[in-house]
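Source file my_file.pdb; content: PDB, C-alpha atoms.
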ATOM      1  CA  MET A  28      13.563   3.456  17.097
ATOM      2  CA  LEU A  29      10.840   3.002  14.493
ATOM      3  CA  THR A  30       8.272   0.251  14.986
ATOM      4  CA  VAL A  31       6.979  -1.521  11.881
ATOM      5  CA  CYS A  32       3.926  -3.774  12.059
ATOM      6  CA  HIS A  33       3.205  -6.392   9.403
ATOM      7  CA  LEU A  34      -0.385  -7.490   9.943
ATOM      8  CA  TYR A  35      -1.059 -11.138   9.061
ATOM      9  CA  PRO A  36       2.295 -11.819   7.351
ATOM     10  CA  ASP A  37       1.407 -15.507   6.999
ATOM     11  CA  LEU A  38      -1.899 -14.799   5.194
ATOM     12  CA  LEU A  39      -1.517 -11.493   3.331
ATOM     13  CA  ASN A  40       1.674 -11.832   1.296
ATOM     14  CA  LEU A  41       0.912 -12.271  -2.416
ATOM     15  CA  TYR A  42       3.352 -11.565  -5.250
ATOM     16  CA  GLY A  43       6.310 -10.665  -3.056
ATOM     17  CA  ASP A  44       4.502  -8.181  -0.819
ATOM     18  CA  GLN A  45       6.945  -9.052   1.990
ATOM     19  CA  GLY A  46       9.476  -7.089  -0.073
ATOM     20  CA  ASN A  47       7.799  -3.871   1.038
ATOM     21  CA  ILE A  48       8.826  -4.579   4.629
ATOM     22  CA  ILE A  49      12.341  -5.521   3.527
ATOM     23  CA  ALA A  50      12.787  -2.335   1.477
ATOM     24  CA  PHE A  51      11.430  -0.077   4.240
ATOM     25  CA  THR A  52      13.636  -1.571   6.952
ATOM     26  CA  ARG A  53      16.776  -1.779   4.780
ATOM     27  CA  ARG A  54      16.521   1.831   3.647
ATOM     28  CA  ALA A  55      16.122   2.877   7.266
ATOM     29  CA  ARG A  56      19.054   0.784   8.524
ATOM     30  CA  TRP A  57      21.327   1.909   5.696
ATOM     31  CA  ARG A  58      20.894   5.346   7.259
ATOM     32  CA  ASN A  59      21.540   4.040  10.775
ATOM     33  CA  ILE A  60      17.882   4.413  11.751
ATOM     34  CA  PRO A  61      16.999   1.536  14.129
ATOM     35  CA  VAL A  62      13.866  -0.416  13.236
ATOM     36  CA  ARG A  63      11.999  -3.303  14.822
ATOM     37  CA  VAL A  64       9.423  -5.379  12.948
ATOM     38  CA  LEU A  65       6.353  -6.918  14.588
ATOM     39  CA  GLY A  66       4.641  -9.733  12.718
ATOM     40  CA  VAL A  67       1.106  -9.804  14.102
ATOM     41  CA  ARG A  68      -0.997 -12.875  13.323
ATOM     42  CA  LEU A  69      -4.608 -13.813  13.992
ATOM     43  CA  GLY A  70      -5.593 -13.093  17.577
ATOM     44  CA  GLU A  71      -2.241 -11.635  18.587
ATOM     45  CA  PRO A  72      -2.278  -8.269  20.401
ATOM     46  CA  VAL A  73      -0.916  -5.036  18.965
ATOM     47  CA  ASP A  74      -1.114  -1.436  20.184
ATOM     48  CA  PHE A  75      -1.370   0.708  17.061
ATOM     49  CA  ARG A  76      -0.444   3.780  19.115
ATOM     50  CA  GLU A  77       3.054   2.324  19.431
ATOM     51  CA  VAL A  78       3.382   1.584  15.698
ATOM     52  CA  ASP A  79       4.941   4.018  13.226
ATOM     53  CA  PHE A  80       4.467   2.106   9.965
ATOM     54  CA  LEU A  81       1.781  -0.522   9.340
ATOM     55  CA  PHE A  82       1.699  -2.836   6.341
ATOM     56  CA  LEU A  83      -1.284  -4.821   5.047
ATOM     57  CA  GLY A  84      -0.533  -7.021   2.055
ATOM     58  CA  GLY A  85      -2.604  -8.808  -0.523
ATOM     59  CA  GLY A  86      -4.357 -12.137  -0.163
ATOM     60  CA  SER A  87      -6.854 -14.352  -1.941
ATOM     61  CA  ASP A  88     -10.543 -14.322  -1.060
ATOM     62  CA  ARG A  89      -9.915 -17.274   1.264
ATOM     63  CA  GLU A  90      -7.202 -15.474   3.238
ATOM     64  CA  GLN A  91      -9.264 -12.281   3.418
ATOM     65  CA  SER A  92     -12.239 -14.199   4.811
ATOM     66  CA  LEU A  93      -9.992 -15.783   7.452
ATOM     67  CA  ILE A  94      -8.791 -12.442   8.807
ATOM     68  CA  ALA A  95     -12.029 -10.429   8.363
ATOM     69  CA  ALA A  96     -13.482 -11.042  11.842
ATOM     70  CA  ASP A  97     -10.118 -10.541  13.541
ATOM     71  CA  LEU A  98      -9.560  -7.273  11.692
ATOM     72  CA  GLN A  99     -13.056  -6.040  12.542
ATOM     73  CA  ARG A 100     -12.165  -6.352  16.241
ATOM     74  CA  ARG A 101      -9.208  -4.060  15.623
ATOM     75  CA  ALA A 102     -11.147  -1.526  13.516
ATOM     76  CA  ALA A 103     -11.803   1.128  16.182
ATOM     77  CA  ALA A 104      -8.207   1.147  17.425
ATOM     78  CA  LEU A 105      -6.830   1.162  13.894
ATOM     79  CA  GLY A 106      -9.133   3.988  12.835
ATOM     80  CA  ALA A 107      -8.103   6.083  15.838
ATOM     81  CA  ALA A 108      -4.417   5.498  15.105
ATOM     82  CA  ILE A 109      -4.894   6.529  11.468
ATOM     83  CA  GLU A 110      -6.549   9.767  12.561
ATOM     84  CA  ALA A 111      -3.547  10.332  14.859
ATOM     85  CA  GLY A 112      -1.090   9.978  11.963
ATOM     86  CA  LEU A 113      -0.224   6.281  11.709
ATOM     87  CA  VAL A 114       1.578   5.614   8.412
ATOM     88  CA  VAL A 115      -0.081   2.762   6.506
ATOM     89  CA  LEU A 116       0.642   0.985   3.250
ATOM     90  CA  ALA A 117      -2.172  -1.338   2.130
ATOM     91  CA  ILE A 118      -1.867  -3.419  -1.028
ATOM     92  CA  CYS A 119      -4.653  -5.072  -3.050
ATOM     93  CA  GLY A 120      -6.716  -7.190  -0.608
ATOM     94  CA  GLY A 121      -5.438  -5.123   2.319
ATOM     95  CA  TYR A 122      -6.524  -2.022   0.413
ATOM     96  CA  GLN A 123     -10.032  -3.376  -0.185
ATOM     97  CA  LEU A 124     -10.507  -4.280   3.482
ATOM     98  CA  LEU A 125     -10.133  -0.638   4.570
ATOM     99  CA  GLY A 126     -13.153   0.463   2.528
ATOM    100  CA  ARG A 127     -16.891   0.457   3.163
ATOM    101  CA  PHE A 128     -17.807  -2.851   1.537
ATOM    102  CA  TYR A 129     -17.044  -5.403  -1.160
ATOM    103  CA  ARG A 130     -19.991  -6.165  -3.447
ATOM    104  CA  THR A 131     -19.977  -9.647  -4.991
ATOM    105  CA  LEU A 132     -21.229 -10.500  -8.481
ATOM    106  CA  ASP A 133     -24.593 -11.576  -7.044
ATOM    107  CA  GLY A 134     -24.996  -8.224  -5.266
ATOM    108  CA  THR A 135     -24.121  -9.342  -1.743
ATOM    109  CA  GLU A 136     -22.314  -6.618   0.210
ATOM    110  CA  ILE A 137     -19.563  -7.818   2.526
ATOM    111  CA  PRO A 138     -18.772  -5.084   5.090
ATOM    112  CA  GLY A 139     -15.281  -3.642   5.185
ATOM    113  CA  LEU A 140     -13.733  -1.729   8.059
ATOM    114  CA  GLY A 141     -15.260   1.535   6.837
ATOM    115  CA  ILE A 142     -12.130   3.501   7.718
ATOM    116  CA  LEU A 143     -11.768   4.955   4.208
ATOM    117  CA  ASP A 144     -14.581   6.126   1.936
ATOM    118  CA  PHE A 145     -14.534   3.787  -1.049
ATOM    119  CA  TYR A 146     -16.121   0.505  -2.074
ATOM    120  CA  THR A 147     -15.120  -2.418  -4.262
ATOM    121  CA  GLN A 148     -17.290  -4.209  -6.802
ATOM    122  CA  ALA A 149     -16.426  -7.687  -8.075
ATOM    123  CA  GLY A 150     -15.798  -7.684 -11.808
ATOM    124  CA  ARG A 151     -16.008 -10.440 -14.399
ATOM    125  CA  LYS A 152     -12.754  -9.376 -16.053
ATOM    126  CA  ARG A 153      -9.440  -9.771 -14.261
ATOM    127  CA  LEU A 154      -7.302  -6.626 -14.376
ATOM    128  CA  ILE A 155      -3.776  -7.927 -14.716
ATOM    129  CA  GLY A 156      -0.413  -6.753 -16.011
ATOM    130  CA  ASN A 157       2.375  -4.263 -15.480
ATOM    131  CA  ILE A 158       1.238  -0.751 -14.619
ATOM    132  CA  ALA A 159       2.709   2.745 -14.424
ATOM    133  CA  ILE A 160       1.194   5.612 -12.454
ATOM    134  CA  GLU A 161       2.024   9.228 -11.675
ATOM    135  CA  VAL A 162       2.082  10.101  -7.980
ATOM    136  CA  GLU A 163       2.549  13.491  -6.314
ATOM    137  CA  LEU A 164       4.710  13.469  -3.192
ATOM    138  CA  GLU A 165       5.256  16.749  -1.345
ATOM    139  CA  GLY A 166       4.625  18.772  -4.482
ATOM    140  CA  LYS A 167       6.832  16.663  -6.744
ATOM    141  CA  LYS A 168       5.449  14.242  -9.325
ATOM    142  CA  ILE A 169       7.084  10.834  -9.681
ATOM    143  CA  ARG A 170       6.359   7.868 -11.899
ATOM    144  CA  ALA A 171       5.898   4.545 -10.153
ATOM    145  CA  CYS A 172       5.777   1.017 -11.588
ATOM    146  CA  GLY A 173       4.228  -2.185 -10.355
ATOM    147  CA  PHE A 174       2.194  -5.253 -11.216
ATOM    148  CA  GLU A 175      -1.559  -5.483 -10.735
ATOM    149  CA  ASN A 176      -3.700  -8.616 -10.585
ATOM    150  CA  HIS A 177      -7.241  -8.099  -9.284
ATOM    151  CA  SER A 178     -10.845  -8.715 -10.281
ATOM    152  CA  GLY A 179     -12.223  -6.291  -7.692
ATOM    153  CA  GLN A 180     -12.955  -2.830  -9.071
ATOM    154  CA  THR A 181     -12.649  -0.003  -6.560
ATOM    155  CA  TYR A 182     -14.552   3.302  -6.685
ATOM    156  CA  LEU A 183     -13.449   6.210  -4.519
ATOM    157  CA  GLY A 184     -15.709   8.421  -2.441
ATOM    158  CA  ALA A 185     -14.300  11.266  -0.342
ATOM    159  CA  VAL A 186     -10.687  10.111  -0.531
ATOM    160  CA  LYS A 187      -8.045  11.106  -3.018
ATOM    161  CA  PRO A 188      -6.465   8.628  -5.431
ATOM    162  CA  LEU A 189      -2.865   7.632  -4.885
ATOM    163  CA  GLY A 190      -2.030   8.419  -8.484
ATOM    164  CA  ARG A 191      -3.050   8.800 -12.111
ATOM    165  CA  VAL A 192      -2.826   5.765 -14.389
ATOM    166  CA  LEU A 193      -0.325   6.161 -17.236
ATOM    167  CA  ARG A 194      -0.519   2.559 -18.444
ATOM    168  CA  GLY A 195      -2.604  -0.273 -17.036
ATOM    169  CA  TYR A 196      -5.987  -0.501 -15.341
ATOM    170  CA  GLY A 197      -5.739   0.965 -11.838
ATOM    171  CA  ASN A 198      -8.709   0.953  -9.503
ATOM    172  CA  ASN A 199     -11.339  -0.096 -11.992
ATOM    173  CA  GLY A 200     -10.054   0.275 -15.554
ATOM    174  CA  ARG A 201     -12.456   3.147 -16.190
ATOM    175  CA  ASP A 202     -11.787   6.370 -14.312
ATOM    176  CA  GLY A 203      -8.010   6.587 -14.761
ATOM    177  CA  TRP A 204      -7.139   6.529 -11.045
ATOM    178  CA  GLU A 205      -5.062   4.104  -9.016
ATOM    179  CA  GLY A 206      -5.133   3.518  -5.277
ATOM    180  CA  ALA A 207      -6.362   5.760  -2.507
ATOM    181  CA  ARG A 208      -4.787   8.228  -0.111
ATOM    182  CA  TYR A 209      -6.022   9.590   3.219
ATOM    183  CA  LYS A 210      -3.855  11.358   5.814
ATOM    184  CA  ASN A 211      -0.812   9.044   6.065
ATOM    185  CA  VAL A 212      -2.594   6.052   4.519
ATOM    186  CA  PHE A 213      -1.463   4.892   1.074
ATOM    187  CA  CYS A 214      -3.467   2.194  -0.716
ATOM    188  CA  SER A 215      -2.586   0.575  -4.027
ATOM    189  CA  TYR A 216      -3.139  -2.418  -6.281
ATOM    190  CA  LEU A 217       0.563  -2.414  -7.212
ATOM    191  CA  HIS A 218       2.336  -5.617  -6.270
ATOM    192  CA  GLY A 219       5.772  -6.496  -7.444
ATOM    193  CA  PRO A 220       6.477  -5.441  -4.666
ATOM    194  CA  LEU A 221       5.856  -1.700  -4.753
ATOM    195  CA  LEU A 222       8.511  -0.134  -2.502
ATOM    196  CA  PRO A 223      11.710  -1.801  -3.793
ATOM    197  CA  LYS A 224      10.737  -0.722  -7.311
ATOM    198  CA  ASN A 225       9.958   2.835  -6.246
ATOM    199  CA  PRO A 226      12.482   4.118  -3.675
ATOM    200  CA  ALA A 227      11.127   7.677  -3.715
ATOM    201  CA  LEU A 228       7.788   6.416  -2.422
ATOM    202  CA  CYS A 229       9.529   4.192   0.131
ATOM    203  CA  ASP A 230      11.541   7.148   1.448
ATOM    204  CA  HIS A 231       8.399   9.279   1.626
ATOM    205  CA  LEU A 232       6.771   6.699   3.913
ATOM    206  CA  LEU A 233       9.964   6.533   5.944
ATOM    207  CA  ARG A 234      10.026  10.318   6.407
ATOM    208  CA  LEU A 235       6.392  10.314   7.509
ATOM    209  CA  SER A 236       7.136   7.540  10.001
ATOM    210  CA  LEU A 237      10.050   9.494  11.479
ATOM    211  CA  ARG A 238       7.851  12.573  11.873
ATOM    212  CA  ARG A 239       5.182  10.472  13.593
ATOM    213  CA  ARG A 240       7.862   9.503  16.109
ATOM    214  CA  GLY A 241       8.663  13.220  16.583
ATOM    215  CA  LEU A 242      11.985  12.979  14.738
ATOM    216  CA  ASP A 243      13.506  15.019  11.938
ATOM    217  CA  GLY A 244      12.343  13.659   8.586
ATOM    218  CA  TYR A 245      15.714  14.281   6.916
ATOM    219  CA  LEU A 246      17.085  11.253   5.077
ATOM    220  CA  ALA A 247      20.650  11.013   3.847
ATOM    221  CA  PRO A 248      20.670  10.279   0.092
ATOM    222  CA  LEU A 249      21.297   6.727  -1.103
ATOM    223  CA  ASP A 250      22.589   5.498  -4.444
ATOM    224  CA  ASP A 251      19.368   4.547  -6.243
ATOM    225  CA  SER A 252      20.887   4.347  -9.722
ATOM    226  CA  PHE A 253      20.152   0.614 -10.033
ATOM    227  CA  GLU A 254      16.511   1.080  -9.042
ATOM    228  CA  LYS A 255      16.183   4.051 -11.403
ATOM    229  CA  ARG A 256      17.521   2.051 -14.346
ATOM    230  CA  ALA A 257      15.114  -0.802 -13.625
ATOM    231  CA  ASN A 258      12.232   1.659 -13.314
ATOM    232  CA  ASP A 259      13.196   3.352 -16.594
ATOM    233  CA  VAL A 260      13.295   0.000 -18.410
ATOM    234  CA  MET A 261       9.756  -0.841 -17.299
ATOM    235  CA  LEU A 262       8.457   2.614 -18.182
ATOM    236  CA  HIS A 263      10.011   2.235 -21.647
ATOM    237  CA  ARG A 264       8.392  -1.185 -22.091
ATOM    238  CA  LEU A 265       5.052   0.330 -21.182
ATOM    239  CA  GLY A 266       5.553   3.182 -23.625
ATOM    240  CA  VAL A 267       5.698   5.860 -20.957
ATOM    241  CA  LYS A 268       8.088   8.672 -21.796
ATOM    242  CA  GLY A 269      10.403  10.001 -19.092
TER     243      GLY A 269
END
The structure given in the file should be rewritten as structure tokens.
Amino acid sequence: MLTVCHLYPDLLNLYGDQGNIIAFTRRARWRNIPVRVLGVRLGEPVDFREVDFLFLGGGSDREQSLIAADLQRRAAALGAAIEAGLVVLAICGGYQLLGRFYRTLDGTEIPGLGILDFYTQAGRKRLIGNIAIEVELEGKKIRACGFENHSGQTYLGAVKPLGRVLRGYGNNGRDGWEGARYKNVFCSYLHGPLLPKNPALCDHLLRLSLRRRGLDGYLAPLDDSFEKRANDVMLHRLGVKG
């Protein structure tokens, strides 16, 4: 059985981010892979060593401030689990919290968890709209769609980007990169939510989670024709050729 952990589901769940959990669990169960979901709230215990897939969603500045101290207490255990292969998807605010710090407009630096080498700088312009990126998964390039809405601008250090921006802003609207990737950690600004729109990425995370559990990563194919048509429509609207 795979164990999925949704950290702070009541606070970090902007723009349909809960859909990432739904897509992951449904695509597992459609293949007869048993899954249990743990919703872990402020102060509640969790052993990351027992988790196969962890999800951190997006939240406003208020929600992020509410969970900051609680998440700091979990930082060492979370960092150790990531080094041991924990599969993580972090979206928007959850993404920012994994970095070194968030610098406000007045120059104040708010410490992050420091698990990944990047930082976020508050910007005066909001980066908002539909976005398309190119992501490489196990040697194959795919095109992923989503919706971004963030004023924070993220700059990567010694971590790789999740993908290359085809249309939209991405991390900061300047360098052409979107998200961050380290070991089995995948960070992105793409809401929408991300995984239902992009089943290839969802299945990649599912395969990694199975391998973390010591299981074969083979996944029986599903009929993704509906998702592909929806993805193609958005790519066409954004002027991205297939």
Inset, instruction - Find the residues around range 106-119 of chain A up to 7 Å (all atoms listed in the file counted), leave out those fewer than 5 positions away in its own chain, and share them as a ChimeraX atom specification. - result: /A:75-76,79-85,142,210-217,232,235-236,239
Could you write out the selected residues, including C-alpha atoms, as a PDB file, in the frame of the given file?
ATOM      1  CA  PHE A  75      -1.370   0.708  17.061  1.00  0.00           C
ATOM      2  CA  ARG A  76      -0.444   3.780  19.115  1.00  0.00           C
ATOM      3  CA  ASP A  79       4.941   4.018  13.226  1.00  0.00           C
ATOM      4  CA  PHE A  80       4.467   2.106   9.965  1.00  0.00           C
ATOM      5  CA  LEU A  81       1.781  -0.522   9.340  1.00  0.00           C
ATOM      6  CA  PHE A  82       1.699  -2.836   6.341  1.00  0.00           C
ATOM      7  CA  LEU A  83      -1.284  -4.821   5.047  1.00  0.00           C
ATOM      8  CA  GLY A  84      -0.533  -7.021   2.055  1.00  0.00           C
ATOM      9  CA  GLY A  85      -2.604  -8.808  -0.523  1.00  0.00           C
ATOM     10  CA  ILE A 142     -12.130   3.501   7.718  1.00  0.00           C
ATOM     11  CA  LYS A 210      -3.855  11.358   5.814  1.00  0.00           C
ATOM     12  CA  ASN A 211      -0.812   9.044   6.065  1.00  0.00           C
ATOM     13  CA  VAL A 212      -2.594   6.052   4.519  1.00  0.00           C
ATOM     14  CA  PHE A 213      -1.463   4.892   1.074  1.00  0.00           C
ATOM     15  CA  CYS A 214      -3.467   2.194  -0.716  1.00  0.00           C
ATOM     16  CA  SER A 215      -2.586   0.575  -4.027  1.00  0.00           C
ATOM     17  CA  TYR A 216      -3.139  -2.418  -6.281  1.00  0.00           C
ATOM     18  CA  LEU A 217       0.563  -2.414  -7.212  1.00  0.00           C
ATOM     19  CA  LEU A 232       6.771   6.699   3.913  1.00  0.00           C
ATOM     20  CA  LEU A 235       6.392  10.314   7.509  1.00  0.00           C
ATOM     21  CA  SER A 236       7.136   7.540  10.001  1.00  0.00           C
ATOM     22  CA  ARG A 239       5.182  10.472  13.593  1.00  0.00           C
TER      23      ARG A 239
END
Legend entry - Between CA of Thr181 in chain A and CA of Val162 in chain A, distance in Å (one decimal): 17.9 Å
Please define a box with edges along x, y and z of the file around all atoms of range 228-232 of chain A given in the file, extend it by 3 Å on each side, and return its centre and edge lengths in Å to one decimal, as AutoDock Vina command-line options.
--center_x 9.2 --center_y 6.7 --center_z 0.7 --size_x 10.8 --size_y 11.1 --size_z 12.3
Legend entry - Surrounding residues of Gly86 in chain A excluding itself and chain neighbours under 6 positions, 6 Å, only C-alpha atoms, as a ChimeraX atom specification: /A:39,41,120
Inset, instruction - State, in Å with one decimal place, the distance from CA of Arg151 in chain A to CA of Asn176 in chain A. - result: 13.0 Å
Inset, instruction - Using all atoms listed in the file, pick whichever of A:Leu222, A:Leu29, A:Ile169, A:Leu34 has the shortest atom-to-atom distance to Arg56 in chain A. - result: A:Leu29
Please complete range 115-132 of chain A with N, CA and C atoms and give it back as an mmCIF file, in the coordinates of the input.
data_model
loop_
_atom_site.group_PDB
_atom_site.id
_atom_site.type_symbol
_atom_site.label_atom_id
_atom_site.label_comp_id
_atom_site.auth_asym_id
_atom_site.auth_seq_id
_atom_site.Cartn_x
_atom_site.Cartn_y
_atom_site.Cartn_z
ATOM 1 N N VAL A 115 0.426 4.070 6.939
ATOM 2 C CA VAL A 115 -0.081 2.762 6.506
ATOM 3 C C VAL A 115 0.162 2.585 5.017
ATOM 4 N N LEU A 116 0.627 1.399 4.646
ATOM 5 C CA LEU A 116 0.642 0.985 3.250
ATOM 6 C C LEU A 116 -0.215 -0.264 3.140
ATOM 7 N N ALA A 117 -1.259 -0.205 2.307
ATOM 8 C CA ALA A 117 -2.172 -1.338 2.130
ATOM 9 C C ALA A 117 -2.214 -1.695 0.652
ATOM 10 N N ILE A 118 -1.965 -2.954 0.350
ATOM 11 C CA ILE A 118 -1.867 -3.419 -1.028
ATOM 12 C C ILE A 118 -2.997 -4.397 -1.352
ATOM 13 N N CYS A 119 -3.675 -4.164 -2.461
ATOM 14 C CA CYS A 119 -4.653 -5.072 -3.050
ATOM 15 C C CYS A 119 -5.729 -5.499 -2.040
ATOM 16 N N GLY A 120 -5.696 -6.744 -1.558
ATOM 17 C CA GLY A 120 -6.716 -7.190 -0.608
ATOM 18 C C GLY A 120 -6.715 -6.370 0.661
ATOM 19 N N GLY A 121 -5.527 -5.996 1.145
ATOM 20 C CA GLY A 121 -5.438 -5.123 2.319
ATOM 21 C C GLY A 121 -6.062 -3.771 2.062
ATOM 22 N N TYR A 122 -5.897 -3.263 0.865
ATOM 23 C CA TYR A 122 -6.524 -2.022 0.413
ATOM 24 C C TYR A 122 -8.039 -2.154 0.476
ATOM 25 N N GLN A 123 -8.580 -3.197 -0.131
ATOM 26 C CA GLN A 123 -10.032 -3.376 -0.185
ATOM 27 C C GLN A 123 -10.660 -3.458 1.200
ATOM 28 N N LEU A 124 -9.956 -4.090 2.141
ATOM 29 C CA LEU A 124 -10.507 -4.280 3.482
ATOM 30 C C LEU A 124 -10.710 -2.973 4.242
ATOM 31 N N LEU A 125 -9.994 -1.917 3.866
ATOM 32 C CA LEU A 125 -10.133 -0.638 4.570
ATOM 33 C C LEU A 125 -11.367 0.146 4.140
ATOM 34 N N GLY A 126 -12.012 -0.273 3.061
ATOM 35 C CA GLY A 126 -13.153 0.463 2.528
ATOM 36 C C GLY A 126 -14.478 0.119 3.184
ATOM 37 N N ARG A 127 -15.560 0.615 2.570
ATOM 38 C CA ARG A 127 -16.891 0.457 3.163
ATOM 39 C C ARG A 127 -17.458 -0.943 2.969
ATOM 40 N N PHE A 128 -17.296 -1.496 1.783
ATOM 41 C CA PHE A 128 -17.807 -2.851 1.537
ATOM 42 C C PHE A 128 -17.230 -3.390 0.235
ATOM 43 N N TYR A 129 -17.379 -4.713 0.083
ATOM 44 C CA TYR A 129 -17.044 -5.403 -1.160
ATOM 45 C C TYR A 129 -18.336 -6.023 -1.677
ATOM 46 N N ARG A 130 -18.739 -5.656 -2.873
ATOM 47 C CA ARG A 130 -19.991 -6.165 -3.447
ATOM 48 C C ARG A 130 -19.666 -7.302 -4.406
ATOM 49 N N THR A 131 -20.226 -8.482 -4.155
ATOM 50 C CA THR A 131 -19.977 -9.647 -4.991
ATOM 51 C C THR A 131 -20.784 -9.561 -6.284
ATOM 52 N N LEU A 132 -20.526 -10.503 -7.201
ATOM 53 C CA LEU A 132 -21.229 -10.500 -8.481
ATOM 54 C C LEU A 132 -22.734 -10.691 -8.322
#
